[in-house]
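Novice: Here you go, this is target.cif (mmCIF, C-alpha atoms).
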```
data_data
loop_
_atom_site.label_atom_id
_atom_site.label_comp_id
_atom_site.auth_asym_id
_atom_site.auth_seq_id
_atom_site.Cartn_x
_atom_site.Cartn_y
_atom_site.Cartn_z
CA MET X 169 -14.58 -21.89 -8.06
CA VAL X 170 -12.45 -19.20 -6.50
CA ASP X 171 -9.41 -21.13 -5.33
CA ARG X 172 -6.52 -18.71 -4.91
CA ALA X 173 -5.89 -15.72 -2.67
CA TRP X 174 -2.87 -13.64 -1.75
CA VAL X 175 -1.91 -12.21 1.61
CA ALA X 176 0.55 -9.32 1.65
CA SER X 177 2.01 -9.35 5.12
CA ARG X 178 4.62 -7.82 7.36
CA LYS X 179 6.87 -10.80 6.71
CA GLY X 180 6.21 -12.04 3.23
CA LEU X 181 3.73 -12.67 0.45
CA ILE X 182 1.62 -15.71 1.22
CA GLU X 183 -0.31 -17.57 -1.44
CA LEU X 184 -3.39 -19.41 -0.25
CA ARG X 185 -5.21 -22.18 -2.10
CA ARG X 186 -8.65 -23.57 -1.51
CA ARG X 187 -8.81 -27.33 -1.80
CA ALA X 188 -11.25 -29.91 -0.55
CA GLY X 189 -10.30 -29.30 3.05
CA GLY X 190 -10.55 -25.53 2.84
CA TRP X 191 -8.03 -22.70 2.49
CA ALA X 192 -4.38 -23.38 3.29
CA VAL X 193 -0.97 -21.86 2.71
CA GLU X 194 0.45 -22.92 -0.64
CA ARG X 195 3.65 -20.91 -0.89
CA THR X 196 5.40 -17.93 0.67
CA SER X 197 7.62 -15.50 -1.19
CA PHE X 198 9.91 -12.81 0.23
CA VAL X 199 10.03 -14.45 3.66
CA GLY X 200 10.89 -11.87 6.27
CA ASP X 201 10.29 -8.84 4.06
CA PRO X 202 7.37 -6.42 4.41
CA VAL X 203 5.05 -6.69 1.40
CA SER X 204 2.90 -3.59 1.32
CA MET X 205 0.71 -4.55 -1.63
CA VAL X 206 0.18 -7.32 -4.18
CA LEU X 207 -1.44 -7.22 -7.61
CA PRO X 208 -2.69 -10.74 -8.40
CA PRO X 209 -1.87 -12.45 -11.70
CA ASP X 210 -3.53 -11.47 -14.94
CA ALA X 211 -4.52 -14.08 -17.51
CA SER X 212 -0.91 -14.54 -18.53
CA GLY X 213 0.26 -15.12 -14.96
CA ARG X 214 1.98 -11.77 -14.57
CA MET X 215 1.73 -10.29 -11.11
CA PHE X 216 3.46 -7.70 -8.96
CA ALA X 217 4.43 -7.32 -5.32
CA ALA X 218 5.54 -4.11 -3.62
CA LEU X 219 8.15 -4.49 -0.91
CA ASN X 220 8.95 -1.95 1.75
CA LEU X 221 12.38 -2.99 2.97
CA GLY X 222 13.07 -1.40 6.31
CA HIS X 223 16.65 -0.48 5.48
CA PHE X 224 16.79 -0.43 1.72
CA GLY X 225 13.59 1.22 0.62
CA VAL X 226 10.66 0.55 -1.65
CA LYS X 227 11.12 -2.19 -4.22
CA LEU X 228 8.86 -3.75 -6.82
CA GLN X 229 8.96 -7.38 -7.86
CA ALA X 230 7.28 -8.99 -10.88
CA SER X 231 6.43 -12.58 -11.65
CA ASP X 232 5.47 -14.04 -15.00
CA ASP X 233 4.45 -17.40 -13.59
CA ALA X 234 1.93 -16.49 -10.89
CA GLY X 235 4.45 -16.22 -8.11
CA ALA X 236 6.65 -19.23 -8.79
CA SER X 237 9.61 -17.00 -9.62
CA TRP X 238 10.26 -13.29 -9.23
CA ARG X 239 12.48 -10.61 -10.71
CA GLU X 240 13.04 -7.05 -9.57
CA VAL X 241 11.54 -4.35 -11.76
CA THR X 242 11.54 -0.59 -11.42
CA ALA X 243 9.73 0.85 -8.45
CA PRO X 244 7.88 4.16 -8.71
CA ALA X 245 10.17 7.05 -7.84
CA PHE X 246 10.14 10.82 -7.96
CA GLY X 247 12.51 13.01 -9.87
CA LEU X 248 14.62 15.51 -8.00
CA GLN X 249 12.65 17.81 -5.74
CA PRO X 250 12.97 21.42 -6.90
CA ASP X 251 14.60 23.73 -4.42
CA GLY X 252 12.02 25.17 -2.08
CA ALA X 253 9.19 22.93 -3.28
CA PRO X 254 6.62 22.84 -0.48
CA GLY X 255 5.10 19.74 1.03
CA PRO X 256 6.61 16.41 1.98
CA ALA X 257 9.92 15.24 0.59
CA TRP X 258 9.77 13.77 -2.88
CA LYS X 259 10.67 10.29 -1.71
CA VAL X 260 8.46 7.24 -2.14
CA VAL X 261 8.18 5.68 1.28
CA MET X 262 5.58 3.04 0.46
CA VAL X 263 3.56 1.64 -2.43
CA TRP X 264 0.09 1.58 -0.92
CA ALA X 265 -2.03 0.67 -3.93
CA LEU X 266 -1.46 -1.32 -7.13
CA GLU X 267 -4.05 -1.66 -9.87
CA ARG X 268 -4.18 -2.37 -13.57
CA GLN X 269 -6.46 -0.95 -16.22
CA GLY X 270 -6.00 -2.47 -19.62
CA ASP X 271 -2.28 -2.67 -20.27
CA ALA X 272 -1.45 0.09 -17.80
CA LEU X 273 -0.31 -0.30 -14.20
CA TYR X 274 -1.08 2.26 -11.52
CA ALA X 275 0.63 2.72 -8.18
CA GLY X 276 -0.57 4.89 -5.31
CA THR X 277 2.12 5.90 -2.87
CA LEU X 278 3.08 7.62 0.33
CA PRO X 279 3.49 10.55 -0.10
CA GLY X 280 0.26 11.04 -1.99
CA ALA X 281 1.20 10.45 -5.60
CA LEU X 282 -0.15 8.40 -8.47
CA PHE X 283 2.25 6.72 -10.86
CA LYS X 284 1.47 5.00 -14.17
CA SER X 285 3.48 2.43 -16.11
CA THR X 286 2.74 1.37 -19.65
CA ASP X 287 5.72 -0.96 -19.99
CA ALA X 288 5.08 -3.49 -17.23
CA ALA X 289 7.04 -1.54 -14.62
CA GLN X 290 10.17 -0.97 -16.63
CA SER X 291 9.48 2.71 -16.04
CA TRP X 292 6.92 4.87 -14.25
CA GLN X 293 5.46 8.30 -14.91
CA LEU X 294 4.31 10.53 -12.06
CA ASP X 295 0.83 11.97 -12.60
CA ASP X 296 2.01 15.55 -12.64
CA VAL X 297 -1.46 17.05 -12.83
CA LEU X 298 -2.57 15.46 -9.57
CA TRP X 299 0.82 16.01 -7.91
CA ASN X 300 0.79 19.68 -8.89
CA GLN X 301 -2.65 20.45 -7.49
CA PRO X 302 -2.23 23.79 -5.72
CA GLY X 303 -3.48 22.42 -2.39
CA ARG X 304 -1.44 19.22 -2.47
CA PRO X 305 1.42 20.49 -0.27
CA THR X 306 -1.11 21.01 2.53
CA TRP X 307 -2.68 17.55 2.31
CA GLY X 308 -2.59 15.87 5.69
CA GLY X 309 -1.37 12.43 6.62
CA GLY X 310 -3.63 9.68 7.87
CA GLY X 311 -1.87 7.23 10.11
CA TYR X 312 1.44 8.12 8.51
CA ASP X 313 3.57 11.24 8.48
CA THR X 314 2.67 12.00 4.89
CA PRO X 315 -0.55 11.76 2.88
CA GLY X 316 -1.01 8.68 0.75
CA ILE X 317 -3.09 7.24 -2.07
CA HIS X 318 -4.52 3.91 -0.94
CA SER X 319 -7.44 3.36 -3.29
CA ILE X 320 -7.41 3.43 -7.09
CA SER X 321 -10.74 2.79 -8.78
CA PRO X 322 -10.91 2.74 -12.57
CA LEU X 323 -14.48 3.79 -13.35
CA GLY X 324 -14.29 3.80 -17.15
CA ASP X 325 -11.91 4.18 -20.05
CA ASP X 326 -10.84 7.72 -19.12
CA THR X 327 -12.31 7.93 -15.63
CA MET X 328 -10.49 7.05 -12.44
CA LEU X 329 -11.06 7.86 -8.78
CA VAL X 330 -8.40 7.76 -6.10
CA GLY X 331 -8.78 7.92 -2.33
CA VAL X 332 -6.29 9.98 -0.34
CA SER X 333 -5.61 9.87 3.38
CA SER X 334 -6.23 12.60 4.25
CA ALA X 335 -7.27 14.68 1.29
CA GLY X 336 -10.58 13.28 0.17
CA ALA X 337 -11.20 11.62 -3.17
CA TRP X 338 -10.02 12.83 -6.54
CA ILE X 339 -11.43 12.00 -9.93
CA THR X 340 -10.31 12.40 -13.50
CA ARG X 341 -12.74 12.02 -16.37
CA ASP X 342 -10.26 12.81 -19.11
CA ALA X 343 -7.49 10.28 -18.56
CA GLY X 344 -5.59 12.50 -16.16
CA ALA X 345 -5.66 15.77 -18.07
CA THR X 346 -7.58 17.25 -15.13
CA TRP X 347 -8.36 16.10 -11.61
CA ASP X 348 -11.15 17.35 -9.36
CA GLN X 349 -11.90 16.89 -5.69
CA THR X 350 -14.90 14.61 -5.29
CA ALA X 351 -15.38 14.02 -1.57
CA HIS X 352 -18.39 16.31 -1.22
CA GLY X 353 -20.73 15.03 1.44
CA MET X 354 -18.09 13.35 3.57
CA ARG X 355 -17.91 14.59 7.15
CA ALA X 356 -14.78 14.88 9.29
CA GLU X 357 -15.58 15.00 12.98
CA TYR X 358 -11.90 15.30 13.84
CA MET X 359 -11.77 18.82 12.35
CA PRO X 360 -12.97 22.15 13.72
CA PRO X 361 -16.74 22.35 13.12
CA GLU X 362 -16.52 24.87 10.31
CA GLN X 363 -14.23 22.54 8.37
CA ALA X 364 -16.12 19.32 8.94
CA TYR X 365 -17.47 19.17 5.41
CA ASP X 366 -14.39 20.50 3.64
CA PRO X 367 -13.68 17.78 1.07
CA ASP X 368 -9.94 18.49 1.13
CA VAL X 369 -9.59 17.32 4.75
CA GLN X 370 -11.56 14.09 4.52
CA ASP X 371 -9.86 10.86 5.51
CA PRO X 372 -11.30 8.00 3.48
CA HIS X 373 -9.66 4.87 4.85
CA ALA X 374 -10.65 2.90 1.77
CA ILE X 375 -12.91 3.35 -1.25
CA ALA X 376 -14.33 0.44 -3.26
CA ARG X 377 -16.53 0.41 -6.32
CA CYS X 378 -19.15 -2.01 -7.57
CA ALA X 379 -17.52 -3.52 -10.66
CA ALA X 380 -20.81 -3.95 -12.49
CA GLN X 381 -22.04 -0.46 -11.66
CA PRO X 382 -18.91 1.59 -11.02
CA ASP X 383 -20.87 4.74 -10.30
CA VAL X 384 -21.73 3.07 -6.98
CA LEU X 385 -18.89 3.63 -4.54
CA TRP X 386 -18.50 2.75 -0.89
CA CYS X 387 -16.16 4.46 1.53
CA GLN X 388 -15.00 3.42 4.96
CA HIS X 389 -13.94 6.77 6.36
CA HIS X 390 -12.09 7.70 9.52
CA ASN X 391 -15.32 8.44 11.34
CA GLY X 392 -18.07 7.01 9.23
CA ILE X 393 -19.32 5.07 6.26
CA PHE X 394 -20.31 6.84 3.06
CA ARG X 395 -21.83 5.76 -0.25
CA SER X 396 -22.09 7.45 -3.60
CA THR X 397 -24.39 6.42 -6.41
CA ASN X 398 -23.13 8.95 -8.91
CA GLY X 399 -19.45 8.22 -9.30
CA GLY X 400 -18.38 10.22 -6.29
CA ALA X 401 -20.18 13.45 -7.18
CA ARG X 402 -22.01 13.26 -3.86
CA TRP X 403 -21.56 11.04 -0.79
CA ASP X 404 -24.24 10.10 1.70
CA GLU X 405 -23.42 9.03 5.24
CA LEU X 406 -24.60 5.63 6.43
CA HIS X 407 -24.85 4.34 9.98
CA ALA X 408 -23.81 0.78 10.76
CA PRO X 409 -24.36 -1.26 13.92
CA LEU X 410 -21.65 -1.50 16.59
CA SER X 411 -19.53 1.24 15.10
CA SER X 412 -19.06 3.11 11.86
CA PHE X 413 -15.32 3.29 12.51
CA GLY X 414 -13.06 0.90 10.69
CA PHE X 415 -10.67 0.64 7.80
CA ALA X 416 -11.87 -1.97 5.34
CA VAL X 417 -14.68 -2.10 2.81
CA ALA X 418 -15.49 -4.66 0.15
CA ALA X 419 -18.03 -3.91 -2.58
CA HIS X 420 -20.05 -6.69 -4.13
CA PRO X 421 -18.87 -7.00 -7.74
CA GLY X 422 -22.37 -7.40 -9.19
CA ASP X 423 -24.86 -6.05 -6.68
CA PRO X 424 -24.60 -2.31 -6.03
CA GLN X 425 -26.68 -2.69 -2.88
CA THR X 426 -24.24 -5.00 -1.11
CA ALA X 427 -21.02 -4.24 0.73
CA TRP X 428 -19.10 -5.45 3.78
CA PHE X 429 -17.31 -3.56 6.57
CA VAL X 430 -15.32 -4.60 9.64
CA PRO X 431 -16.06 -2.29 12.56
CA ALA X 432 -13.71 -1.36 15.39
CA VAL X 433 -14.44 0.73 18.45
CA LYS X 434 -13.10 4.12 17.38
CA ASP X 435 -9.92 5.84 16.32
CA GLN X 436 -8.71 6.06 19.92
CA CYS X 437 -9.35 2.35 20.50
CA ARG X 438 -8.65 0.27 17.44
CA VAL X 439 -9.95 -3.10 18.55
CA PRO X 440 -13.18 -4.98 17.77
CA VAL X 441 -16.21 -3.76 19.70
CA ASP X 442 -16.33 -5.72 22.98
CA ARG X 443 -13.24 -7.51 21.66
CA ALA X 444 -15.53 -9.69 19.54
CA LEU X 445 -14.81 -9.71 15.83
CA ALA X 446 -17.74 -8.97 13.53
CA VAL X 447 -18.50 -8.03 9.94
CA ASN X 448 -21.25 -5.63 8.96
CA ARG X 449 -23.00 -6.42 5.69
CA THR X 450 -25.63 -4.39 3.94
CA ARG X 451 -27.74 -5.71 1.11
CA ASP X 452 -29.96 -2.69 0.66
CA GLY X 453 -27.57 0.10 -0.12
CA GLY X 454 -26.79 0.85 3.49
CA SER X 455 -30.28 1.28 4.89
CA THR X 456 -29.82 -1.76 7.11
CA PHE X 457 -26.92 -4.00 8.09
CA ASP X 458 -26.52 -7.57 9.25
CA THR X 459 -23.82 -8.10 11.86
CA LEU X 460 -22.11 -11.40 11.08
CA ARG X 461 -20.14 -13.30 13.71
CA ALA X 462 -20.39 -17.02 13.01
CA GLY X 463 -16.93 -18.53 13.10
CA LEU X 464 -15.21 -15.34 14.25
CA PRO X 465 -13.52 -15.00 17.66
CA GLN X 466 -15.94 -13.56 20.17
CA GLN X 467 -13.76 -12.94 23.18
CA ASP X 468 -10.34 -11.51 23.92
CA CYS X 469 -9.99 -10.53 20.29
CA TYR X 470 -7.79 -7.61 19.28
CA ASP X 471 -7.73 -8.23 15.53
CA LEU X 472 -8.01 -5.09 13.46
CA VAL X 473 -8.66 -5.51 9.75
CA TYR X 474 -6.69 -2.90 7.94
CA ARG X 475 -7.82 -0.98 4.86
CA HIS X 476 -6.82 -3.58 2.28
CA GLY X 477 -7.41 -6.53 4.58
CA LEU X 478 -10.92 -7.48 3.39
CA ALA X 479 -11.69 -8.83 -0.08
CA VAL X 480 -14.62 -10.27 -1.96
CA ALA X 481 -14.08 -12.51 -4.97
CA ASP X 482 -15.70 -12.13 -8.35
CA ASP X 483 -18.39 -14.64 -7.36
CA GLY X 484 -19.73 -12.22 -4.77
CA VAL X 485 -19.92 -14.86 -2.04
CA THR X 486 -16.31 -15.80 -1.32
CA LEU X 487 -14.78 -13.42 1.21
CA MET X 488 -11.51 -13.29 3.06
CA MET X 489 -10.08 -10.97 5.67
CA GLY X 490 -6.76 -10.75 7.44
CA SER X 491 -5.88 -8.81 10.57
CA THR X 492 -3.08 -6.82 12.06
CA THR X 493 -2.47 -9.65 14.49
CA GLY X 494 -2.21 -12.26 11.76
CA GLY X 495 -5.64 -13.82 11.83
CA VAL X 496 -7.15 -14.81 8.48
CA TRP X 497 -10.76 -15.90 8.00
CA ALA X 498 -12.60 -16.99 4.87
CA SER X 499 -16.27 -17.25 4.05
CA GLY X 500 -17.97 -19.08 1.21
CA ASP X 501 -21.45 -17.74 1.85
CA ALA X 502 -21.14 -13.97 1.68
CA GLY X 503 -20.06 -13.67 5.27
CA ASP X 504 -22.75 -15.70 7.01
CA HIS X 505 -20.13 -18.16 8.21
CA TRP X 506 -16.38 -17.80 8.56
CA THR X 507 -13.55 -20.31 8.94
CA ALA X 508 -10.15 -19.44 10.35
CA LEU X 509 -7.10 -20.25 8.27
CA PRO X 510 -5.17 -22.98 10.12
CA ALA X 511 -2.06 -20.84 10.44
CA ARG X 512 -0.79 -17.93 12.45
CA LEU X 513 0.44 -15.35 9.99
CA PRO X 514 2.36 -12.09 10.32
CA PRO X 515 0.40 -8.83 10.47
CA VAL X 516 -1.70 -8.64 7.30
CA TYR X 517 -1.56 -5.57 5.09
CA ALA X 518 -3.67 -6.77 2.17
CA VAL X 519 -5.78 -9.69 1.01
CA ARG X 520 -6.71 -10.18 -2.64
CA PHE X 521 -8.23 -12.95 -4.74
CA GLY X 522 -7.00 -13.89 -8.16
CA MET B 143 43.30 2.90 -3.05
CA PRO B 144 40.04 2.99 -1.02
CA HIS B 145 38.09 -0.22 -0.73
CA VAL B 146 34.26 -0.28 -0.64
CA ALA B 147 32.35 -3.22 0.84
CA PHE B 148 28.64 -3.76 1.40
CA THR B 149 26.72 -5.61 4.07
CA SER B 150 26.09 -9.22 3.17
CA GLN B 151 22.43 -8.55 3.97
CA LEU B 152 22.17 -6.83 0.60
CA GLN B 153 23.29 -9.91 -1.31
CA ARG B 154 19.82 -11.36 -0.81
CA PHE B 155 18.47 -8.61 -3.05
CA THR B 156 21.17 -7.63 -5.49
CA GLU B 157 24.86 -8.04 -6.36
CA THR B 158 27.25 -6.22 -4.03
CA PRO B 159 30.66 -5.82 -5.64
CA ASP B 160 33.83 -5.30 -3.62
CA VAL B 161 35.33 -2.24 -5.26
CA HIS B 162 38.80 -0.74 -5.14
CA THR B 163 38.62 2.78 -6.48
CA ALA B 164 40.78 5.87 -6.68
CA ALA B 165 37.81 7.96 -5.52
CA ALA B 166 38.58 10.89 -3.24
CA THR B 167 35.07 11.21 -1.76
CA LEU B 168 32.43 8.85 -0.52
CA ARG B 169 30.06 9.75 -3.36
CA ASP B 170 32.64 8.94 -6.00
CA ALA B 171 33.46 5.66 -4.27
CA LEU B 172 29.82 4.63 -4.13
CA ASP B 173 29.38 5.63 -7.76
CA ALA B 174 32.19 3.25 -8.64
CA ALA B 175 30.22 0.42 -7.08
CA PHE B 176 27.01 1.55 -8.74
CA ASP B 177 28.81 1.49 -12.09
CA VAL B 178 29.26 -2.25 -11.55
CA ASN B 179 25.66 -2.80 -10.44
CA PRO B 180 23.35 0.15 -11.18
CA ARG B 181 20.45 -1.45 -9.26
CA LEU B 182 22.47 -1.22 -6.05
CA ARG B 183 22.16 2.58 -6.05
CA HIS B 184 18.56 2.64 -4.93
CA TYR B 185 19.20 0.22 -2.11
CA VAL B 186 21.75 2.58 -0.62
CA LEU B 187 20.58 6.04 -1.74
CA ASP B 188 17.10 7.54 -1.97
CA GLU B 189 15.68 9.59 -4.81
CA PRO B 190 17.59 12.80 -3.99
CA GLY B 191 20.80 10.80 -3.73
CA HIS B 192 21.09 10.90 0.07
CA LEU B 193 21.97 7.91 2.20
CA ARG B 194 18.77 6.09 3.06
CA GLN B 195 17.54 6.80 6.56
CA HIS B 196 18.43 3.35 7.83
CA VAL B 197 21.69 2.83 5.96
CA VAL B 198 24.91 3.72 7.72
CA VAL B 199 28.41 4.06 6.29
CA TYR B 200 31.72 3.84 8.11
CA ILE B 201 35.04 5.00 6.69
CA SER B 202 37.90 3.24 8.47
CA GLY B 203 35.96 3.29 11.72
CA ARG B 204 34.52 6.79 11.37
CA ARG B 205 30.81 7.18 10.92
CA VAL B 206 30.04 9.24 7.81
CA VAL B 207 29.18 12.85 8.60
CA ASP B 208 27.68 14.16 5.37
CA ARG B 209 24.78 11.82 4.65
CA MET B 210 23.34 14.06 1.93
CA ALA B 211 26.08 15.28 -0.39
CA LEU B 212 28.40 12.41 0.61
CA THR B 213 31.44 14.66 0.58
CA ASP B 214 33.41 12.82 3.29
CA ALA B 215 36.98 12.58 2.04
CA LEU B 216 38.73 9.28 1.46
CA ALA B 217 42.40 8.55 2.03
CA PRO B 218 44.13 6.01 -0.19
CA ASP B 219 44.07 3.28 2.44
CA ASP B 220 40.50 3.85 3.70
CA LYS B 221 38.03 1.03 3.99
CA VAL B 222 34.37 1.95 3.42
CA TYR B 223 31.67 -0.26 4.89
CA VAL B 224 28.03 0.20 3.83
CA LEU B 225 25.81 -1.33 6.48
CA GLN B 226 22.23 -1.48 7.63
CA ALA B 227 21.60 0.74 10.63
CA LEU B 228 20.03 -0.66 13.75
CA THR B 229 17.50 2.17 13.57
CA GLY B 230 15.80 0.24 10.78
CA GLY B 231 14.87 -2.69 12.97
#
```
Represent the structure of the file as structure tokens.

Specialist:
Amino acid sequence: MVDRAWVASRKGLIELRRRAGGWAVERTSFVGDPVSMVLPPDASGRMFAALNLGHFGVKLQASDDAGASWREVTAPAFGLQPDGAPGPAWKVVMVWALERQGDALYAGTLPGALFKSTDAAQSWQLDDVLWNQPGRPTWGGGGYDTPGIHSISPLGDDTMLVGVSSAGAWITRDAGATWDQTAHGMRAEYMPPEQAYDPDVQDPHAIARCAAQPDVLWCQHHNGIFRSTNGGARWDELHAPLSSFGFAVAAHPGDPQTAWFVPAVKDQCRVPVDRALAVNRTRDGGSTFDTLRAGLPQQDCYDLVYRHGLAVADDGVTLMMGSTTGGVWASGDAGDHWTALPARLPPVYAVRFG
Amino acid sequence: MPHVAFTSQLQRFTETPDVHTAAATLRDALDAAFDVNPRLRHYVLDEPGHLRQHVVVYISGRRVVDRMALTDALAPDDKVYVLQALTGG
């Protein structure tokens, strides 16, 4: 049974446990500090939490006992910016994504850089090939002043896809020796018409892969929902009920036809449609969607589920989502029914099982 | 000689030594503290070595002028306070 989840929030890292009575808060670490991302424990109990201290910068913490105790490790950082180097300042302002692949750790940051550590965050190496893409200095921001990498999807031993707000999706098939833009098919309605399909200007809010069939990718984009069945080579636009605007997507780990989204009105009005919280689920690859509401607030609701705020567990039926106003809901039946966590939490940045 | 002290808010994260140093500039004075606790550097300075946006430093009541190169001069009896700025929240 899936019995542990982690909530990275504006004011701490909150561990949740599922017991007989349902999900409840088990422990909170870093009380008062913004936790921008968490990487749940591996089999040994090692986990990581990225802090974004308002005054003192980006920090990375590691635990070897699944969050019982923590120690500071090295946070990703740039070297000195060469004189006259174009683009945003070479300063990490937030760790937006943390993933592991084998023994390696990966961090996606604002500004849009990918870092790799092979020594459990004692040191980090900037992915120079991606950082030195000729167009990178012109990448746009998405919700922040600088571009950022928010999604890191290992697709195979040497293949990895990253999502960039706002510079599309990039893929390497040779362990980082080369990177190619792979957002073809995405559509940006916020751009001049002639640039709407330019992959370099796309704003994927989040990209998730089907673990069992990683060539199947889902993207919640700034103005739509897109799916790829060929590892990002081509994206097809889908149309969901209520709204195709939102931030979060969760991909079923075993069924490439199933994914979940949390719609909001539109970019100019980031609240649930009719102020009633709902989840859109497709089970047929995006041809049709079920709109799920049972157990979710249906009036006077302003909860927005941010890009990392929705998660599905390995069992494919346990879901959890957390909102920017501190609501957390869990489902044990693939989203058909939801139960609110009996706690009022800080604004939620990320929810993860493990 | 100049005395360097750090906000107690930092003690929650890392050791903050009180340092008496013969440094003639702010950068040299901060380096003396970072020699005691190297991890402290990245709480106070960013990657290029500038004062973090929401860190503020006073030298005997004067707000530091050069936040990038940290060339503000120190007199032998100066007291340097490294604080969190209210701009950060």

Novice: Up to 12 Å from chain B, what residues of chain X turn up? Count all atoms listed in the file and give them as a PDB file with C-alpha atoms, in the frame of the given file.

Specialist:
```pdb
ATOM      1  CA  PHE X 198       9.910 -12.810   0.230  1.00  0.00           C
ATOM      2  CA  VAL X 199      10.030 -14.450   3.660  1.00  0.00           C
ATOM      3  CA  GLY X 200      10.890 -11.870   6.270  1.00  0.00           C
ATOM      4  CA  ASP X 201      10.290  -8.840   4.060  1.00  0.00           C
ATOM      5  CA  PRO X 202       7.370  -6.420   4.410  1.00  0.00           C
ATOM      6  CA  LEU X 219       8.150  -4.490  -0.910  1.00  0.00           C
ATOM      7  CA  ASN X 220       8.950  -1.950   1.750  1.00  0.00           C
ATOM      8  CA  LEU X 221      12.380  -2.990   2.970  1.00  0.00           C
ATOM      9  CA  GLY X 222      13.070  -1.400   6.310  1.00  0.00           C
ATOM     10  CA  HIS X 223      16.650  -0.480   5.480  1.00  0.00           C
ATOM     11  CA  PHE X 224      16.790  -0.430   1.720  1.00  0.00           C
ATOM     12  CA  GLY X 225      13.590   1.220   0.620  1.00  0.00           C
ATOM     13  CA  VAL X 226      10.660   0.550  -1.650  1.00  0.00           C
ATOM     14  CA  LYS X 227      11.120  -2.190  -4.220  1.00  0.00           C
ATOM     15  CA  LEU X 228       8.860  -3.750  -6.820  1.00  0.00           C
ATOM     16  CA  GLN X 229       8.960  -7.380  -7.860  1.00  0.00           C
ATOM     17  CA  TRP X 238      10.260 -13.290  -9.230  1.00  0.00           C
ATOM     18  CA  ARG X 239      12.480 -10.610 -10.710  1.00  0.00           C
ATOM     19  CA  GLU X 240      13.040  -7.050  -9.570  1.00  0.00           C
ATOM     20  CA  VAL X 241      11.540  -4.350 -11.760  1.00  0.00           C
ATOM     21  CA  THR X 242      11.540  -0.590 -11.420  1.00  0.00           C
ATOM     22  CA  ALA X 243       9.730   0.850  -8.450  1.00  0.00           C
ATOM     23  CA  PRO X 244       7.880   4.160  -8.710  1.00  0.00           C
ATOM     24  CA  ALA X 245      10.170   7.050  -7.840  1.00  0.00           C
ATOM     25  CA  PHE X 246      10.140  10.820  -7.960  1.00  0.00           C
ATOM     26  CA  GLY X 247      12.510  13.010  -9.870  1.00  0.00           C
ATOM     27  CA  LEU X 248      14.620  15.510  -8.000  1.00  0.00           C
ATOM     28  CA  GLN X 249      12.650  17.810  -5.740  1.00  0.00           C
ATOM     29  CA  PRO X 250      12.970  21.420  -6.900  1.00  0.00           C
ATOM     30  CA  ASP X 251      14.600  23.730  -4.420  1.00  0.00           C
ATOM     31  CA  ALA X 257       9.920  15.240   0.590  1.00  0.00           C
ATOM     32  CA  TRP X 258       9.770  13.770  -2.880  1.00  0.00           C
ATOM     33  CA  LYS X 259      10.670  10.290  -1.710  1.00  0.00           C
ATOM     34  CA  VAL X 260       8.460   7.240  -2.140  1.00  0.00           C
ATOM     35  CA  VAL X 261       8.180   5.680   1.280  1.00  0.00           C
TER      36      VAL X 261
END
```

Novice: If the PyMOL selection byres ((chain X and resi 169-174) around 10) were run on this exact file, what residues would it hold? Put them as a VMD selection string.

Specialist: chain X and resid 175 to 177 181 to 187 190 to 196 205 to 208 479 481 to 483 485 to 488 500 518 to 522

Novice: So what does the PyMOL selection byres ((chain B and resi 148) around 9) actually pick up in this one, as a list of chain:residue names?

Specialist: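 Selected by the PyMOL selection byres ((chain B and resi 148) around 9) in this file: B:Val146, B:Ala147, B:Thr149, B:Ser150, B:Gln151, B:Leu152, B:Gln153, B:Thr158, B:Pro159, B:Asp160, B:Val222, B:Tyr223, B:Val224, B:Leu225.
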
Novice: Give me a file of those residues, with C-alpha atoms, as an mmCIF file, in the coordinates of the input.

Specialist:
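Resulting contents of out-v3.cif:
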```cif
data_model
loop_
_atom_site.group_PDB
_atom_site.id
_atom_site.type_symbol
_atom_site.label_atom_id
_atom_site.label_comp_id
_atom_site.auth_asym_id
_atom_site.auth_seq_id
_atom_site.Cartn_x
_atom_site.Cartn_y
_atom_site.Cartn_z
ATOM 1 C CA VAL B 146 34.260 -0.280 -0.640
ATOM 2 C CA ALA B 147 32.350 -3.220 0.840
ATOM 3 C CA THR B 149 26.720 -5.610 4.070
ATOM 4 C CA SER B 150 26.090 -9.220 3.170
ATOM 5 C CA GLN B 151 22.430 -8.550 3.970
ATOM 6 C CA LEU B 152 22.170 -6.830 0.600
ATOM 7 C CA GLN B 153 23.290 -9.910 -1.310
ATOM 8 C CA THR B 158 27.250 -6.220 -4.030
ATOM 9 C CA PRO B 159 30.660 -5.820 -5.640
ATOM 10 C CA ASP B 160 33.830 -5.300 -3.620
ATOM 11 C CA VAL B 222 34.370 1.950 3.420
ATOM 12 C CA TYR B 223 31.670 -0.260 4.890
ATOM 13 C CA VAL B 224 28.030 0.200 3.830
ATOM 14 C CA LEU B 225 25.810 -1.330 6.480
#
```

Novice: So how far away is CA of Arg377 (chain X) from CA of Arg461 (chain X), in Å?

Specialist: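 Pair CA of Arg461 (chain X) / CA of Arg377 (chain X) returns 24.5 Å.
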
Novice: List the residues selected by the PyMOL selection byres ((chain B and resi 171) around 9) in the file shown, writing them as a VMD selection string.

Specialist: chain B and resid 144 to 146 161 to 170 172 to 176 216 222

Novice: Compile the contact shell of region 365-375 of chain X as a PyMOL selection string: residues with an atom at most 8 Å away, counting all atoms listed in the file, same-chain residues fewer than 3 positions apart removed.

Specialist: chain X and resi 307-308+310+318-319+321+330-337+349-356+362+385-390+414-417+475-476

Novice: With distances taken over all atoms listed in the file, which residue among X:Pro424, X:Gly255, X:Gly324, X:Gly495 lies nearest Ser396 (chain X)?

Specialist: X:Pro424
